[in-house]
Amino acid sequence: MTQSVLSRADDNLNASLERLFELVRIQSISTDPAYKGECRKAAEWLVAELVSLGFTASVRDTPGHPMVVAHHEGGKPDAPHVLFYGHYDVQPVDPIELWDTAPFEPTIKELNGSKVITGRGTADDKGQLLTFVEACRAYKETAGSLPCKVTILFEGEEESGSPSLKPFLEANAAELKADYALVCDTSMWDRDTPAISAGLRGLVGEEVVVTAADRDLHSGYFGGAAANPIHILTKALAGLHDDQGRVTLDGFYEGVEETPSQIKAAWETLGLTAEKFLGEIGLSVPSGEKGRSVLELTWARPTAEVNGIWGGYTGEGFKTVIAAKASAKVSFRLVGQQNPDKIREAFRAYVRSIIPADCSVEFHPHGGSPAIQLPYDSALLNTAKSALSDEWPKPAVIIGMGGSIPIVGDFQKMLGMESLLVGFGLSDDRIHSPNEKYELQSFHKGIRSWIRILDAIAA
């Protein structure tokens, strides 16, 4: 049966591309209220497509842009139930003058020897989510049913912070809960090597403001006697790391486990050296913890980074003042079982310990979420790895992700579901930038990959 379904997907490719083009033409920019109607139009388009495939599907209103929820019973009553997640909203297109083609008029063209589909949302995330929808289409048209029970959740606010998502999950937990969540908003290792993301780093964001005098001071009159908040703040920030690149906060590494040796060995075979990784951005010497590879540093180790710092006079010319205030934005990427609340409190306690008695400090939180780590020996992960390896020229690899996808944590915490993160994007797809594109091979073989994964999960 699998080969028949794969052949059907091949036969459907041109029609599948036409459907992708239709969806990309809908200008579903979630951050701009002017496109509210376009976001609803995209949700309604998806519902119509899913209904045509036999799903029970509907547009669900939220305080922001609507959700799409759909259900389809599987042909095997004892097979697992999966929830597939994607988002239909897209980033703004600015600066429009840097686009080679109209962002909402998708085309297929040759780029560096590959055929690519151009247009805003082709890779993030309309092309990705349609790989799954088109896999379901091939199944229905061939077998008359799906191999397992499928629920679909598409949201329209992922690119604007997903403000409606958690309340929606809470209100509809019983309806949305499944055995596994499938998330297709990630990337491959390279054009021929599929990847499964086993880990996502968590995140803690914090803004810190140090106040000294009650006003900016003349640095000649008060210099040497009055506390300088920029000195105080930069001393605190500089002390966040020791000479070995480790973070110095008390208890920071509680819950951080070493990556299994066999996983690190597999990452080494990918051939990404520090020189190659950093050379693309004009650097050459890795920062962070000494003695670790760049993949381990970016996928499996926690970090402390200063994202912004300001204070005093920064305009044209020169002004000799001692600032009254100094501010910084700091973020921590978390791994393993690190507790975001404990990390935040440890940072605040550390900064407070440096503040002189006649100065003050205030903190403003900017979100916090724990890391997500699938067991490297997860049955779901290894089932998908085998299925992907059957489809692509090179065997699938298990990777980590330096960033965060909060929905994965919500699925785990709120719905008790393990997530499978499989995507077909590439690092040069220019998501969020002008000239976004999605490889035609990614779209075609992505459809075929989901057919194989659904088959494997159902079995």
# chains A, B, ... in the order shown; residues from 1 in each chain; ligands from 1

call {"tool": "residues_around", "arguments": {"residues": "region 296-301 of chain A", "least_positions_apart": "5", "cutoff": "8 Å", "atoms": "only C-alpha atoms", "output": "ChimeraX atom specification"}}
result
/A:199-201,256,259,264,288-289,334-335,399-402

call {"tool": "write_last_selection", "arguments": {"atoms": "C-alpha atoms", "output": "PDB file, in the first residue's frame"}}
result
ATOM      1  CA  GLY A 199      15.981  18.892  21.749  1.00  0.00           C
ATOM      2  CA  LEU A 200      14.852  22.499  21.969  1.00  0.00           C
ATOM      3  CA  ARG A 201      16.541  24.921  24.296  1.00  0.00           C
ATOM      4  CA  VAL A 256      22.132  19.921  32.831  1.00  0.00           C
ATOM      5  CA  THR A 259      25.086  14.594  25.827  1.00  0.00           C
ATOM      6  CA  LYS A 264      28.238  13.500  20.078  1.00  0.00           C
ATOM      7  CA  GLY A 288      31.355  29.611  25.211  1.00  0.00           C
ATOM      8  CA  GLU A 289      32.548  26.624  27.199  1.00  0.00           C
ATOM      9  CA  LEU A 334      18.268  26.450  28.879  1.00  0.00           C
ATOM     10  CA  VAL A 335      18.759  22.712  28.386  1.00  0.00           C
ATOM     11  CA  ILE A 399      19.932  16.957  15.928  1.00  0.00           C
ATOM     12  CA  GLY A 400      19.262  19.632  18.521  1.00  0.00           C
ATOM     13  CA  MET A 401      17.938  23.128  18.029  1.00  0.00           C
ATOM     14  CA  GLY A 402      19.444  26.211  19.586  1.00  0.00           C
TER      15      GLY A 402
END

call {"tool": "closest_residue", "arguments": {"among": "A:Gly224, A:Gly127, A:Pro63, A:Gly239", "to": "Ser164 (chain A)", "atoms": "only C-alpha atoms"}}
result
A:Pro63

call {"tool": "closest_residue", "arguments": {"among": "A:Tyr221, A:Phe55, A:Trp310, A:Tyr350", "to": "Gly74 (chain A)", "atoms": "only C-alpha atoms"}}
result
A:Phe55

call {"tool": "residues_around", "arguments": {"residues": "region 241-251 of chain A", "least_positions_apart": "6", "cutoff": "12 Å", "atoms": "only C-alpha atoms", "output": "JSON, numbers by chain"}}
result
{"A": [235, 286, 287, 288, 289, 290, 291, 292, 297, 301, 302, 303, 304, 305, 306, 332, 333, 334, 338, 339, 340, 341, 342, 343, 344, 345, 346, 347, 348, 349, 350, 351, 353]}

call {"tool": "select_by_dssp", "arguments": {"residues": "region 280-363 of chain A", "states": "helix (DSSP H, G or I)", "output": "list in words"}}
result
Val294, Leu295, Glu296, Leu297, Thr298, Trp299, Pro340, Asp341, Lys342, Ile343, Arg344, Glu345, Ala346, Phe347, Arg348, Ala349, Tyr350, Val351, Arg352, Ser353 and Ile354 of chain A

call {"tool": "write_last_selection", "arguments": {"atoms": "N, CA and C atoms", "output": "compact mmCIF listing (two decimals), in the first residue's frame"}}
result
# COMPACT_ATOMS: atom_id res chain seq x y z
N VAL A 294 31.07 23.14 18.26
CA VAL A 294 30.07 24.18 18.04
C VAL A 294 28.65 23.60 18.04
N LEU A 295 28.48 22.36 17.59
CA LEU A 295 27.14 21.78 17.62
C LEU A 295 26.70 21.51 19.05
N GLU A 296 27.62 21.04 19.89
CA GLU A 296 27.26 20.84 21.29
C GLU A 296 26.95 22.17 21.95
N LEU A 297 27.73 23.19 21.64
CA LEU A 297 27.51 24.51 22.24
C LEU A 297 26.17 25.10 21.84
N THR A 298 25.76 24.89 20.59
CA THR A 298 24.52 25.52 20.11
C THR A 298 23.29 24.64 20.26
N TRP A 299 23.47 23.35 20.43
CA TRP A 299 22.33 22.44 20.53
C TRP A 299 22.09 21.91 21.95
N PRO A 340 13.42 27.50 34.69
CA PRO A 340 13.47 28.91 34.32
C PRO A 340 13.31 29.85 35.51
N ASP A 341 12.44 29.52 36.45
CA ASP A 341 12.23 30.39 37.61
C ASP A 341 13.48 30.47 38.48
N LYS A 342 14.15 29.34 38.67
CA LYS A 342 15.37 29.33 39.47
C LYS A 342 16.49 30.11 38.79
N ILE A 343 16.58 29.99 37.47
CA ILE A 343 17.60 30.72 36.73
C ILE A 343 17.35 32.22 36.87
N ARG A 344 16.10 32.63 36.75
CA ARG A 344 15.77 34.05 36.86
C ARG A 344 16.14 34.59 38.25
N GLU A 345 15.78 33.83 39.28
CA GLU A 345 16.06 34.27 40.65
C GLU A 345 17.56 34.28 40.93
N ALA A 346 18.30 33.31 40.38
CA ALA A 346 19.74 33.28 40.57
C ALA A 346 20.39 34.50 39.92
N PHE A 347 19.92 34.88 38.74
CA PHE A 347 20.45 36.07 38.07
C PHE A 347 20.16 37.32 38.89
N ARG A 348 18.94 37.44 39.37
CA ARG A 348 18.58 38.63 40.15
C ARG A 348 19.39 38.71 41.44
N ALA A 349 19.55 37.58 42.12
CA ALA A 349 20.32 37.57 43.36
C ALA A 349 21.77 37.96 43.09
N TYR A 350 22.33 37.46 42.00
CA TYR A 350 23.72 37.79 41.65
C TYR A 350 23.87 39.29 41.39
N VAL A 351 22.96 39.87 40.61
CA VAL A 351 23.07 41.30 40.31
C VAL A 351 22.90 42.13 41.57
N ARG A 352 21.92 41.76 42.40
CA ARG A 352 21.70 42.51 43.64
C ARG A 352 22.94 42.49 44.52
N SER A 353 23.70 41.40 44.48
CA SER A 353 24.89 41.30 45.35
C SER A 353 25.98 42.28 44.94
N ILE A 354 25.89 42.82 43.73
CA ILE A 354 26.91 43.73 43.22
C ILE A 354 26.50 45.20 43.38

call {"tool": "residues_around", "arguments": {"residues": "Leu272 (chain A)", "least_positions_apart": "3", "cutoff": "9 Å", "atoms": "only C-alpha atoms", "output": "PyMOL selection string"}}
result
chain A and resi 267-269+275-277+293-295

call {"tool": "atom_distance", "arguments": {"atom1": "CA of Phe363 (chain A)", "atom2": "CA of Gly315 (chain A)"}}
result
25.7 Å

call {"tool": "residues_around", "arguments": {"residues": "Glu439 (chain A)", "least_positions_apart": "2", "cutoff": "6 Å", "atoms": "only C-alpha atoms", "output": "list in words"}}
result
Val116, Gln441 and Ser442 of chain A

call {"tool": "write_last_selection", "arguments": {"atoms": "N, CA and C atoms", "output": "CSV table (one decimal), in the first residue's frame"}}
result
chain,number,residue,atom,x,y,z
A,116,VAL,N,13.4,26.0,-6.9
A,116,VAL,CA,12.8,26.5,-5.7
A,116,VAL,C,11.5,27.2,-5.9
A,441,GLN,N,12.2,20.1,-4.1
A,441,GLN,CA,12.5,18.7,-3.5
A,441,GLN,C,12.0,18.6,-2.1
A,442,SER,N,12.2,19.7,-1.3
A,442,SER,CA,11.7,19.7,0.1
A,442,SER,C,10.2,19.4,0.1

call {"tool": "closest_residue", "arguments": {"among": "A:Val51, A:Ala387, A:Leu13, A:Ala43", "to": "Gln27 (chain A)", "atoms": "only C-alpha atoms"}}
result
A:Ala43

call {"tool": "atom_distance", "arguments": {"atom1": "CA of Ala9 (chain A)", "atom2": "CA of Asn112 (chain A)"}}
result
25.9 Å

call {"tool": "residues_around", "arguments": {"residues": "region 432-436 of chain A", "least_positions_apart": "5", "cutoff": "7 Å", "atoms": "only C-alpha atoms", "output": "list in words"}}
result
Gln91, Val93, Leu98, Trp99, Asp100, Thr118, Gly119, Arg120 and Thr122 of chain A

call {"tool": "atom_distance", "arguments": {"atom1": "CA of Glu254 (chain A)", "atom2": "CA of Met417 (chain A)"}}
result
24.7 Å

call {"tool": "closest_residue", "arguments": {"among": "A:Ile457, A:Gly409, A:Ser427, A:Gly336", "to": "Thr383 (chain A)", "atoms": "only C-alpha atoms"}}
result
A:Ile457

call {"tool": "closest_residue", "arguments": {"among": "A:Lys177, A:Arg19, A:Arg60, A:His65", "to": "Arg40 (chain A)", "atoms": "only C-alpha atoms"}}
result
A:His65

call {"tool": "select_by_dssp", "arguments": {"residues": "region 147-389 of chain A", "states": "strand (DSSP E or B)", "output": "PyMOL selection string"}}
result
chain A and resi 149-155+180-183+187+190+193+195-200+202-211+217-218+241+247+303-311+321-322+325-334+360-369+372-373

call {"tool": "closest_residue", "arguments": {"among": "A:His218, A:Arg137, A:Ala265, A:His366", "to": "Val397 (chain A)", "atoms": "only C-alpha atoms"}}
result
A:Ala265

call {"tool": "residues_around", "arguments": {"residues": "Ile232 (chain A)", "least_positions_apart": "6", "cutoff": "9 Å", "atoms": "only C-alpha atoms", "output": "PyMOL selection string"}}
result
chain A and resi 210+326+354-356
